[in-house]
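Colleague: Enclosed is the structure file my_file_36.cif (mmCIF, N, CA and C atoms and all ligand atoms).
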```cif
data_entry
#
loop_
_atom_site.label_atom_id
_atom_site.label_comp_id
_atom_site.auth_asym_id
_atom_site.auth_seq_id
_atom_site.Cartn_x
_atom_site.Cartn_y
_atom_site.Cartn_z
N MET A 1 1.51 -6.86 38.89
CA MET A 1 2.48 -6.32 37.93
C MET A 1 1.96 -4.98 37.41
N PRO A 2 2.48 -3.91 37.91
CA PRO A 2 1.92 -2.60 37.54
C PRO A 2 2.35 -2.15 36.16
N ILE A 3 1.54 -1.28 35.62
CA ILE A 3 1.90 -0.62 34.37
C ILE A 3 2.52 0.71 34.73
N TYR A 4 3.67 0.97 34.20
CA TYR A 4 4.32 2.24 34.43
C TYR A 4 4.28 3.07 33.16
N GLU A 5 4.23 4.37 33.39
CA GLU A 5 4.29 5.27 32.26
C GLU A 5 5.64 5.94 32.31
N TYR A 6 6.29 5.96 31.18
CA TYR A 6 7.62 6.53 31.09
C TYR A 6 7.65 7.68 30.11
N LYS A 7 8.48 8.64 30.42
CA LYS A 7 8.75 9.69 29.46
C LYS A 7 10.25 9.76 29.26
N CYS A 8 10.65 9.71 28.01
CA CYS A 8 12.07 9.72 27.68
C CYS A 8 12.61 11.14 27.81
N ARG A 9 13.68 11.30 28.59
CA ARG A 9 14.28 12.62 28.73
C ARG A 9 15.08 12.99 27.49
N SER A 10 15.43 11.99 26.73
CA SER A 10 16.27 12.23 25.56
C SER A 10 15.47 12.73 24.37
N CYS A 11 14.35 12.03 24.05
CA CYS A 11 13.59 12.42 22.85
C CYS A 11 12.16 12.85 23.18
N GLY A 12 11.74 12.71 24.45
CA GLY A 12 10.41 13.16 24.83
C GLY A 12 9.31 12.15 24.55
N HIS A 13 9.66 11.00 24.01
CA HIS A 13 8.68 9.95 23.73
C HIS A 13 8.06 9.45 25.04
N GLN A 14 6.74 9.28 25.04
CA GLN A 14 6.05 8.84 26.24
C GLN A 14 5.34 7.53 25.94
N PHE A 15 5.47 6.56 26.84
CA PHE A 15 4.87 5.25 26.58
C PHE A 15 4.59 4.55 27.89
N GLU A 16 3.71 3.54 27.80
CA GLU A 16 3.38 2.73 28.97
C GLU A 16 4.01 1.36 28.80
N LYS A 17 4.46 0.80 29.92
CA LYS A 17 5.10 -0.50 29.84
C LYS A 17 4.85 -1.26 31.13
N ILE A 18 4.60 -2.53 30.99
CA ILE A 18 4.55 -3.40 32.17
C ILE A 18 5.98 -3.76 32.55
N VAL A 19 6.34 -3.46 33.78
CA VAL A 19 7.72 -3.64 34.19
C VAL A 19 7.78 -4.51 35.44
N LYS A 20 8.64 -5.49 35.39
CA LYS A 20 8.86 -6.31 36.58
C LYS A 20 9.63 -5.48 37.62
N MET A 21 9.60 -5.97 38.84
CA MET A 21 10.10 -5.22 39.99
C MET A 21 11.33 -4.34 39.74
N SER A 22 12.42 -4.93 39.34
CA SER A 22 13.67 -4.17 39.29
C SER A 22 14.13 -3.92 37.85
N GLU A 23 13.21 -4.13 36.93
CA GLU A 23 13.59 -4.00 35.54
C GLU A 23 13.52 -2.54 35.09
N ALA A 24 14.51 -2.10 34.38
CA ALA A 24 14.53 -0.73 33.87
C ALA A 24 14.52 -0.75 32.35
N PRO A 25 13.43 -0.31 31.76
CA PRO A 25 13.32 -0.37 30.30
C PRO A 25 14.06 0.78 29.62
N ASP A 26 14.28 0.61 28.35
CA ASP A 26 14.83 1.68 27.54
C ASP A 26 13.70 2.32 26.74
N CYS A 27 13.97 3.50 26.22
CA CYS A 27 12.99 4.20 25.40
C CYS A 27 12.64 3.35 24.17
N GLU A 28 11.34 3.27 23.89
CA GLU A 28 10.91 2.50 22.73
C GLU A 28 11.31 3.18 21.43
N SER A 29 11.54 4.49 21.52
CA SER A 29 11.79 5.25 20.32
C SER A 29 13.28 5.37 19.99
N CYS A 30 14.08 5.72 21.01
CA CYS A 30 15.50 5.97 20.73
C CYS A 30 16.42 5.07 21.55
N ASN A 31 15.84 4.16 22.36
CA ASN A 31 16.62 3.22 23.17
C ASN A 31 17.44 3.87 24.27
N SER A 32 17.16 5.12 24.57
CA SER A 32 17.87 5.76 25.67
C SER A 32 17.37 5.23 27.01
N PRO A 33 18.27 4.93 27.94
CA PRO A 33 17.84 4.48 29.27
C PRO A 33 17.47 5.64 30.19
N ASP A 34 17.59 6.86 29.70
CA ASP A 34 17.35 8.03 30.53
C ASP A 34 15.86 8.38 30.53
N LEU A 35 15.09 7.61 31.32
CA LEU A 35 13.63 7.75 31.32
C LEU A 35 13.15 8.33 32.64
N GLU A 36 12.12 9.10 32.54
CA GLU A 36 11.44 9.59 33.73
C GLU A 36 10.26 8.67 33.98
N LYS A 37 10.19 8.11 35.20
CA LYS A 37 9.12 7.15 35.48
C LYS A 37 7.92 7.88 36.09
N LEU A 38 6.78 7.75 35.42
CA LEU A 38 5.54 8.33 35.91
C LEU A 38 4.68 7.16 36.34
N PHE A 39 4.59 6.92 37.65
CA PHE A 39 3.87 5.74 38.12
C PHE A 39 2.43 5.76 37.64
N ASN A 40 1.93 4.64 37.22
CA ASN A 40 0.62 4.59 36.61
C ASN A 40 0.00 3.22 36.83
N ALA A 41 -0.68 3.05 37.94
CA ALA A 41 -1.33 1.78 38.22
C ALA A 41 -2.68 1.73 37.51
N PRO A 42 -3.12 0.53 37.13
CA PRO A 42 -4.41 0.42 36.43
C PRO A 42 -5.53 0.99 37.30
N GLY A 43 -6.37 1.81 36.72
CA GLY A 43 -7.51 2.38 37.45
C GLY A 43 -7.15 3.64 38.22
N ILE A 44 -5.88 3.89 38.38
CA ILE A 44 -5.46 5.10 39.08
C ILE A 44 -4.79 6.02 38.07
N ARG A 45 -5.40 7.15 37.85
CA ARG A 45 -4.86 8.07 36.85
C ARG A 45 -4.39 9.34 37.52
N THR A 46 -3.42 9.94 36.92
CA THR A 46 -2.90 11.19 37.46
C THR A 46 -3.80 12.36 37.09
N THR A 47 -3.49 13.51 37.60
CA THR A 47 -4.38 14.68 37.50
C THR A 47 -4.74 15.03 36.06
N LYS A 48 -3.86 14.72 35.13
CA LYS A 48 -4.09 15.15 33.76
C LYS A 48 -5.34 14.53 33.14
N SER A 49 -5.79 13.39 33.67
CA SER A 49 -6.93 12.73 33.06
C SER A 49 -8.19 12.81 33.93
N GLN A 50 -8.14 13.61 34.97
CA GLN A 50 -9.29 13.68 35.87
C GLN A 50 -10.48 14.40 35.25
N ASN A 51 -10.26 15.05 34.13
CA ASN A 51 -11.37 15.70 33.44
C ASN A 51 -12.31 14.67 32.83
N ARG A 52 -11.75 13.57 32.40
CA ARG A 52 -12.57 12.51 31.83
C ARG A 52 -13.27 11.75 32.95
N SER A 53 -14.44 11.23 32.67
CA SER A 53 -15.15 10.46 33.67
C SER A 53 -14.39 9.15 33.91
N SER A 54 -14.43 8.67 35.14
CA SER A 54 -13.67 7.47 35.45
C SER A 54 -14.24 6.25 34.72
N ALA A 55 -15.54 6.23 34.50
CA ALA A 55 -16.14 5.11 33.77
C ALA A 55 -15.64 5.08 32.33
N GLN A 56 -15.60 6.23 31.73
CA GLN A 56 -15.11 6.36 30.36
C GLN A 56 -13.65 5.92 30.29
N GLU A 57 -12.90 6.38 31.26
CA GLU A 57 -11.48 6.06 31.32
C GLU A 57 -11.27 4.55 31.48
N ARG A 58 -12.04 3.96 32.39
CA ARG A 58 -11.93 2.52 32.61
C ARG A 58 -12.28 1.75 31.35
N ALA A 59 -13.35 2.17 30.67
CA ALA A 59 -13.78 1.47 29.47
C ALA A 59 -12.69 1.48 28.41
N SER A 60 -12.11 2.63 28.18
CA SER A 60 -11.09 2.71 27.14
C SER A 60 -9.84 1.94 27.55
N ARG A 61 -9.51 2.03 28.82
CA ARG A 61 -8.31 1.33 29.29
C ARG A 61 -8.52 -0.18 29.28
N SER A 62 -9.70 -0.63 29.66
CA SER A 62 -9.92 -2.08 29.71
C SER A 62 -9.89 -2.66 28.31
N ARG A 63 -10.32 -1.88 27.31
CA ARG A 63 -10.21 -2.36 25.94
C ARG A 63 -8.76 -2.48 25.52
N VAL A 64 -8.03 -1.41 25.72
CA VAL A 64 -6.63 -1.37 25.28
C VAL A 64 -5.80 -2.42 26.01
N HIS A 65 -6.08 -2.58 27.30
CA HIS A 65 -5.20 -3.41 28.11
C HIS A 65 -5.80 -4.80 28.40
N LYS A 66 -6.75 -5.20 27.56
CA LYS A 66 -7.39 -6.49 27.82
C LYS A 66 -6.36 -7.63 27.85
N ASP A 67 -5.51 -7.67 26.85
CA ASP A 67 -4.49 -8.71 26.80
C ASP A 67 -3.54 -8.62 27.97
N ILE A 68 -3.21 -7.39 28.33
CA ILE A 68 -2.31 -7.18 29.46
C ILE A 68 -2.95 -7.70 30.74
N LYS A 69 -4.26 -7.42 30.90
CA LYS A 69 -4.96 -7.91 32.10
C LYS A 69 -4.88 -9.42 32.20
N VAL A 70 -5.08 -10.10 31.08
CA VAL A 70 -5.01 -11.56 31.08
C VAL A 70 -3.61 -12.02 31.49
N ALA A 71 -2.61 -11.41 30.90
CA ALA A 71 -1.23 -11.75 31.23
C ALA A 71 -0.96 -11.46 32.70
N GLU A 72 -1.52 -10.37 33.16
CA GLU A 72 -1.31 -9.94 34.54
C GLU A 72 -1.90 -10.95 35.52
N SER A 73 -3.12 -11.41 35.25
CA SER A 73 -3.74 -12.35 36.18
C SER A 73 -3.03 -13.70 36.14
N ASP A 74 -2.55 -14.11 34.99
CA ASP A 74 -1.73 -15.31 34.92
C ASP A 74 -0.49 -15.18 35.80
N PHE A 75 0.14 -14.02 35.68
CA PHE A 75 1.34 -13.75 36.46
C PHE A 75 1.03 -13.80 37.95
N LEU A 76 -0.08 -13.15 38.35
CA LEU A 76 -0.45 -13.11 39.76
C LEU A 76 -0.73 -14.51 40.30
N LYS A 77 -1.41 -15.33 39.50
CA LYS A 77 -1.68 -16.70 39.93
C LYS A 77 -0.38 -17.43 40.23
N LYS A 78 0.60 -17.24 39.33
CA LYS A 78 1.89 -17.89 39.55
C LYS A 78 2.56 -17.34 40.80
N GLU A 79 2.50 -16.02 40.94
CA GLU A 79 3.11 -15.38 42.10
C GLU A 79 2.50 -15.89 43.40
N LEU A 80 1.15 -15.98 43.42
CA LEU A 80 0.45 -16.35 44.63
C LEU A 80 0.69 -17.82 44.98
N SER A 81 1.04 -18.62 43.99
CA SER A 81 1.29 -20.02 44.28
C SER A 81 2.64 -20.22 44.96
N HIS A 82 3.49 -19.20 44.89
CA HIS A 82 4.75 -19.27 45.62
C HIS A 82 4.51 -19.07 47.12
N ASP A 83 5.31 -19.73 47.91
CA ASP A 83 5.22 -19.54 49.34
C ASP A 83 6.25 -18.51 49.76
N HIS A 84 5.81 -17.33 50.17
CA HIS A 84 6.74 -16.25 50.45
C HIS A 84 7.33 -16.35 51.84
ZN ZN B 101 13.71 8.36 23.54
#
```
Will you turn the file into structure tokens for me?
Ligand SMILES: [Zn+2]
Modeller:
Amino acid sequence: MPIYEYKCRSCGHQFEKIVKMSEAPDCESCNSPDLEKLFNAPGIRTTKSQNRSSAQERASRSRVHKDIKVAESDFLKKELSHDH
């Protein structure tokens, strides 16, 4: 379950959200569905953060997303138990 980064075209608000496959979120700030999706998988950062060391980045992200990681692994366990 990837984390996506969104930027609202309407108000410019930028936020990260865990999104299921075909789910399209609305802006957290103004509820506009007109969002620009900036793909953002855990551990993979776009050019804007390459100045920071990857270890530093991982440390801060793992703190912030600790709960998300737990939820994510629970989700994956359920997913993997399905027979595709
Ligand atoms: Zn907005």
Colleague: So how many Å separate atom C of Cys30 in chain A and atom N of Ser73 in chain A, to one decimal?
Modeller: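 Atom N of Ser73 in chain A lies at a distance of 29.0 Å from atom C of Cys30 in chain A.
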Colleague: How many Å lie between CA of Ser81 in chain A and atom N of Ser22 in chain A, rounded to one decimal?
Modeller: 19.4 Å
Colleague: Grab the atom C of Asp74 in chain A to atom C of Cys27 in chain A distance for me, in Å with one decimal place.
Modeller: 25.5 Å
Colleague: Write as a ChimeraX atom specification the residues around ligand ZN 101 (chain B), taking 6 Å as the cut-off and counting only N, CA and C atoms and all ligand atoms.
Modeller: /A:8-13,27-32
Colleague: Got a sec: who's within 7 Å of Glu16 in chain A, counting all atoms listed in the file, leaving out chain neighbours fewer than 6 positions off, as a list in words?
Modeller: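 Once the adjacent positions are removed, what remains is Ile3, Tyr4, Glu5 and Tyr6 of chain A.
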Colleague: For the selection you just gave me, I'd like the residues written to a file as a PDB file, in the frame of the given file, keeping N, CA and C atoms.
Modeller:
```pdb
ATOM      1  N   ILE A   3       1.540  -1.280  35.620  1.00  0.00           N
ATOM      2  CA  ILE A   3       1.900  -0.620  34.370  1.00  0.00           C
ATOM      3  C   ILE A   3       2.520   0.710  34.730  1.00  0.00           C
ATOM      4  N   TYR A   4       3.670   0.970  34.200  1.00  0.00           N
ATOM      5  CA  TYR A   4       4.320   2.240  34.430  1.00  0.00           C
ATOM      6  C   TYR A   4       4.280   3.070  33.160  1.00  0.00           C
ATOM      7  N   GLU A   5       4.230   4.370  33.390  1.00  0.00           N
ATOM      8  CA  GLU A   5       4.290   5.270  32.260  1.00  0.00           C
ATOM      9  C   GLU A   5       5.640   5.940  32.310  1.00  0.00           C
ATOM     10  N   TYR A   6       6.290   5.960  31.180  1.00  0.00           N
ATOM     11  CA  TYR A   6       7.620   6.530  31.090  1.00  0.00           C
ATOM     12  C   TYR A   6       7.650   7.680  30.110  1.00  0.00           C
TER      13      TYR A   6
END
```
Colleague: Select, from A:Lys37, A:Ala55, A:Val19, A:Ala24, the residue with the minimum atom-to-atom distance to Lys7 in chain A, counting only C-alpha atoms.
Modeller: A:Lys37
Colleague: Draw an axis-aligned box tight on the listed atoms of range 69-76 of chain A, then pad every side by 5 Å and write out centre and edge lengths in Å to one decimal as JSON.
Modeller:
```
{"center_x": -1.9, "center_y": -11.4, "center_z": 35.6, "size_x": 16.4, "size_y": 17.9, "size_z": 19.4}
```
